[in-house]
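Raw contents of final05.pdb, PDB, C-alpha atoms:
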```pdb
ATOM      1  CA  MET A   1      20.932  75.518 -41.729  1.00  0.00           C
ATOM      2  CA  LEU A   2      17.461  76.752 -42.579  1.00  0.00           C
ATOM      3  CA  SER A   3      18.760  78.816 -45.477  1.00  0.00           C
ATOM      4  CA  ALA A   4      20.334  75.711 -47.052  1.00  0.00           C
ATOM      5  CA  TYR A   5      16.875  74.129 -47.194  1.00  0.00           C
ATOM      6  CA  ALA A   6      15.405  77.305 -48.689  1.00  0.00           C
ATOM      7  CA  ILE A   7      18.173  77.367 -51.278  1.00  0.00           C
ATOM      8  CA  ALA A   8      17.575  73.711 -52.156  1.00  0.00           C
ATOM      9  CA  HIS A   9      13.824  74.198 -52.461  1.00  0.00           C
ATOM     10  CA  SER A  10      14.157  77.285 -54.623  1.00  0.00           C
ATOM     11  CA  LEU A  11      16.662  75.474 -56.833  1.00  0.00           C
ATOM     12  CA  ILE A  12      14.243  72.580 -57.309  1.00  0.00           C
ATOM     13  CA  VAL A  13      11.415  74.956 -58.231  1.00  0.00           C
ATOM     14  CA  VAL A  14      13.445  76.926 -60.761  1.00  0.00           C
ATOM     15  CA  LEU A  15      14.855  73.733 -62.317  1.00  0.00           C
ATOM     16  CA  ALA A  16      11.321  72.359 -62.620  1.00  0.00           C
ATOM     17  CA  VAL A  17      10.210  75.537 -64.402  1.00  0.00           C
ATOM     18  CA  ILE A  18      13.181  75.336 -66.794  1.00  0.00           C
ATOM     19  CA  LEU A  19      12.532  71.665 -67.567  1.00  0.00           C
ATOM     20  CA  LEU A  20       8.800  72.256 -68.023  1.00  0.00           C
ATOM     21  CA  ASP A  21       9.580  74.997 -70.535  1.00  0.00           C
ATOM     22  CA  PHE A  22      11.978  72.647 -72.334  1.00  0.00           C
ATOM     23  CA  ILE A  23       9.473  69.765 -72.434  1.00  0.00           C
ATOM     24  CA  LEU A  24       6.688  72.005 -73.718  1.00  0.00           C
ATOM     25  CA  GLY A  25       9.026  73.298 -76.425  1.00  0.00           C
ATOM     26  CA  VAL A  26       9.864  69.756 -77.512  1.00  0.00           C
ATOM     27  CA  LEU A  27       6.172  68.802 -77.570  1.00  0.00           C
ATOM     28  CA  ILE A  28       5.340  71.847 -79.681  1.00  0.00           C
ATOM     29  CA  ALA A  29       8.140  70.971 -82.117  1.00  0.00           C
ATOM     30  CA  ILE A  30       6.801  67.415 -82.353  1.00  0.00           C
ATOM     31  CA  LYS A  31       3.265  68.723 -82.909  1.00  0.00           C
ATOM     32  CA  LYS A  32       4.470  71.043 -85.689  1.00  0.00           C
ATOM     33  CA  LYS A  33       6.615  68.229 -87.117  1.00  0.00           C
ATOM     34  CA  THR A  34       9.756  70.387 -86.891  1.00  0.00           C
ATOM     35  CA  PHE A  35      11.470  68.338 -84.169  1.00  0.00           C
ATOM     36  CA  LYS A  36      14.979  67.193 -85.084  1.00  0.00           C
ATOM     37  CA  VAL A  37      16.773  64.822 -82.736  1.00  0.00           C
ATOM     38  CA  ASN A  38      20.208  65.771 -84.081  1.00  0.00           C
ATOM     39  CA  VAL A  39      19.701  69.432 -83.012  1.00  0.00           C
ATOM     40  CA  LEU A  40      18.609  68.515 -79.478  1.00  0.00           C
ATOM     41  CA  PRO A  41      22.087  68.013 -77.919  1.00  0.00           C
ATOM     42  CA  GLN A  42      23.299  71.393 -79.192  1.00  0.00           C
ATOM     43  CA  PHE A  43      20.130  73.071 -77.900  1.00  0.00           C
ATOM     44  CA  ILE A  44      20.579  71.492 -74.468  1.00  0.00           C
ATOM     45  CA  LYS A  45      24.244  72.509 -74.416  1.00  0.00           C
ATOM     46  CA  THR A  46      23.629  76.138 -75.348  1.00  0.00           C
ATOM     47  CA  ASN A  47      20.179  76.887 -73.888  1.00  0.00           C
ATOM     48  CA  LEU A  48      19.737  74.682 -70.819  1.00  0.00           C
ATOM     49  CA  PHE A  49      23.124  73.914 -69.300  1.00  0.00           C
ATOM     50  CA  PRO A  50      24.202  77.537 -68.831  1.00  0.00           C
ATOM     51  CA  TYR A  51      21.106  78.291 -66.738  1.00  0.00           C
ATOM     52  CA  ILE A  52      21.108  75.020 -64.836  1.00  0.00           C
ATOM     53  CA  GLY A  53      24.859  74.980 -64.253  1.00  0.00           C
ATOM     54  CA  GLY A  54      25.006  78.601 -63.186  1.00  0.00           C
ATOM     55  CA  LEU A  55      22.162  78.207 -60.735  1.00  0.00           C
ATOM     56  CA  VAL A  56      23.614  75.020 -59.245  1.00  0.00           C
ATOM     57  CA  VAL A  57      27.019  76.655 -58.759  1.00  0.00           C
ATOM     58  CA  LEU A  58      25.424  79.734 -57.186  1.00  0.00           C
ATOM     59  CA  ALA A  59      23.260  77.529 -54.952  1.00  0.00           C
ATOM     60  CA  LEU A  60      26.255  75.564 -53.703  1.00  0.00           C
ATOM     61  CA  LEU A  61      28.291  78.690 -53.081  1.00  0.00           C
ATOM     62  CA  SER A  62      25.470  80.525 -51.339  1.00  0.00           C
ATOM     63  CA  ALA A  63      24.769  77.525 -49.115  1.00  0.00           C
ATOM     64  CA  TYR A  64      28.266  77.920 -47.690  1.00  0.00           C
ATOM     65  CA  LEU A  65      28.806  81.661 -48.124  1.00  0.00           C
ATOM     66  CA  SER A  66      25.805  83.525 -46.791  1.00  0.00           C
ATOM     67  CA  GLU A  67      26.992  86.729 -48.480  1.00  0.00           C
ATOM     68  CA  LEU A  68      26.050  85.238 -51.862  1.00  0.00           C
ATOM     69  CA  GLU A  69      22.466  84.396 -50.949  1.00  0.00           C
ATOM     70  CA  TYR A  70      21.157  87.711 -52.259  1.00  0.00           C
ATOM     71  CA  LEU A  71      22.850  87.140 -55.603  1.00  0.00           C
ATOM     72  CA  TYR A  72      21.482  83.598 -55.755  1.00  0.00           C
ATOM     73  CA  TYR A  73      17.908  84.619 -54.979  1.00  0.00           C
ATOM     74  CA  ALA A  74      18.102  87.453 -57.515  1.00  0.00           C
ATOM     75  CA  ALA A  75      19.305  84.990 -60.157  1.00  0.00           C
ATOM     76  CA  VAL A  76      16.533  82.539 -59.256  1.00  0.00           C
ATOM     77  CA  ALA A  77      13.936  85.292 -59.518  1.00  0.00           C
ATOM     78  CA  LEU A  78      15.183  86.500 -62.894  1.00  0.00           C
ATOM     79  CA  VAL A  79      15.484  83.020 -64.393  1.00  0.00           C
ATOM     80  CA  THR A  80      12.052  82.036 -63.084  1.00  0.00           C
ATOM     81  CA  LEU A  81      10.537  85.164 -64.603  1.00  0.00           C
ATOM     82  CA  LYS A  82      12.248  84.470 -67.899  1.00  0.00           C
ATOM     83  CA  PHE A  83      10.964  80.915 -68.124  1.00  0.00           C
ATOM     84  CA  SER A  84       7.602  81.257 -66.432  1.00  0.00           C
ATOM     85  CA  LYS A  85       4.603  83.421 -67.106  1.00  0.00           C
ATOM     86  CA  GLU A  86       4.680  84.443 -70.738  1.00  0.00           C
ATOM     87  CA  ALA A  87       6.906  81.684 -72.075  1.00  0.00           C
ATOM     88  CA  LEU A  88       5.029  78.836 -70.402  1.00  0.00           C
ATOM     89  CA  LEU A  89       1.602  80.409 -70.956  1.00  0.00           C
ATOM     90  CA  ASP A  90       2.300  80.960 -74.650  1.00  0.00           C
ATOM     91  CA  LYS A  91       3.589  77.412 -75.044  1.00  0.00           C
ATOM     92  CA  VAL A  92       0.561  75.894 -73.290  1.00  0.00           C
ATOM     93  CA  LYS A  93      -1.760  77.953 -75.521  1.00  0.00           C
ATOM     94  CA  GLU A  94       0.141  76.881 -78.615  1.00  0.00           C
ATOM     95  CA  LEU A  95       0.406  73.225 -77.650  1.00  0.00           C
ATOM     96  CA  PHE A  96      -3.244  72.770 -76.755  1.00  0.00           C
ATOM     97  CA  SER A  97      -4.648  75.355 -79.183  1.00  0.00           C
ATOM     98  CA  ILE A  98      -6.628  77.141 -76.498  1.00  0.00           C
ATOM     99  CA  LYS A  99      -7.378  80.759 -75.873  1.00  0.00           C
ATOM    100  CA  ILE A 100      -6.527  82.037 -72.397  1.00  0.00           C
ATOM    101  CA  ILE A 101      -7.426  85.589 -71.484  1.00  0.00           C
ATOM    102  CA  PHE A 102      -5.804  87.324 -68.502  1.00  0.00           C
TER     103      PHE A 102
END
```

Rewritten as structure tokens:
Amino acid sequence: MLSAYAIAHSLIVVLAVILLDFILGVLIAIKKKTFKVNVLPQFIKTNLFPYIGGLVVLALLSAYLSELEYLYYAAVALVTLKFSKEALLDKVKELFSIKIIF
């Protein structure tokens, strides 16, 4: 039962990272005045739903089939890496026009 809580918590974290990346992207598009509302549904369909849907399906399956937990956690790690450090850091720098040195 403990692993189901760990799966749920990791799913919430990775979904928050994905949505933060999405929101920052929308804010940058608004700032640059390139935001188009009519393109937004297609973007969500092709760039958000595959990640979110895949992770939710894997989370549900791995909550019931412990053999899939390794696959789920690997997917969470890869998706979090994809959406986190460089993507979010670059978007924050671009949105707020600041210089961050690491």

Residues selected by the PyMOL selection byres ((chain A and resi 41-56) around 12), written as a PyMOL selection string:
chain A and resi 7-23+25-26+35-40+57-63+68-69+71-80+82-83

Nearest-residue call for Ala29 of chain A, choices A:Glu94, A:Lys99, A:Tyr5, A:Glu86, using only C-alpha atoms:
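Among the listed residues, A:Glu94 lies closest to Ala29 of chain A.
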
Å distance separating atom CA of Leu88 of chain A from atom CA of Thr34 of chain A, one decimal place:
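Those two atoms sit 19.1 Å apart.
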
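Going from atom CA of Ala4 of chain A over to atom CA of Ser84 of chain A, you cover 23.8 Å.
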
When you count all atoms listed in the file, which of these residues is closest to Ser3 of chain A: A:Ala87, A:Leu95, A:Leu81, A:Leu65?
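Ranking A:Ala87, A:Leu95, A:Leu81, A:Leu65 by distance to Ser3 of chain A, first place goes to A:Leu65.
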
Distance in Å - atom CA of Lys93 of chain A versus atom CA of Leu24 of chain A
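About the pair atom CA of Lys93 of chain A and atom CA of Leu24 of chain A: they are 10.5 Å apart.
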
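Near Phe96 of chain A, within 12 Å and counting all atoms listed in the file, sit Leu24, Leu27, Ile28, Lys31, Lys32, Leu89, Asp90, Lys91, Val92, Lys93, Glu94, Ile98, Lys99 and Ile100 of chain A, not including residues fewer than 2 positions from it in the same chain.
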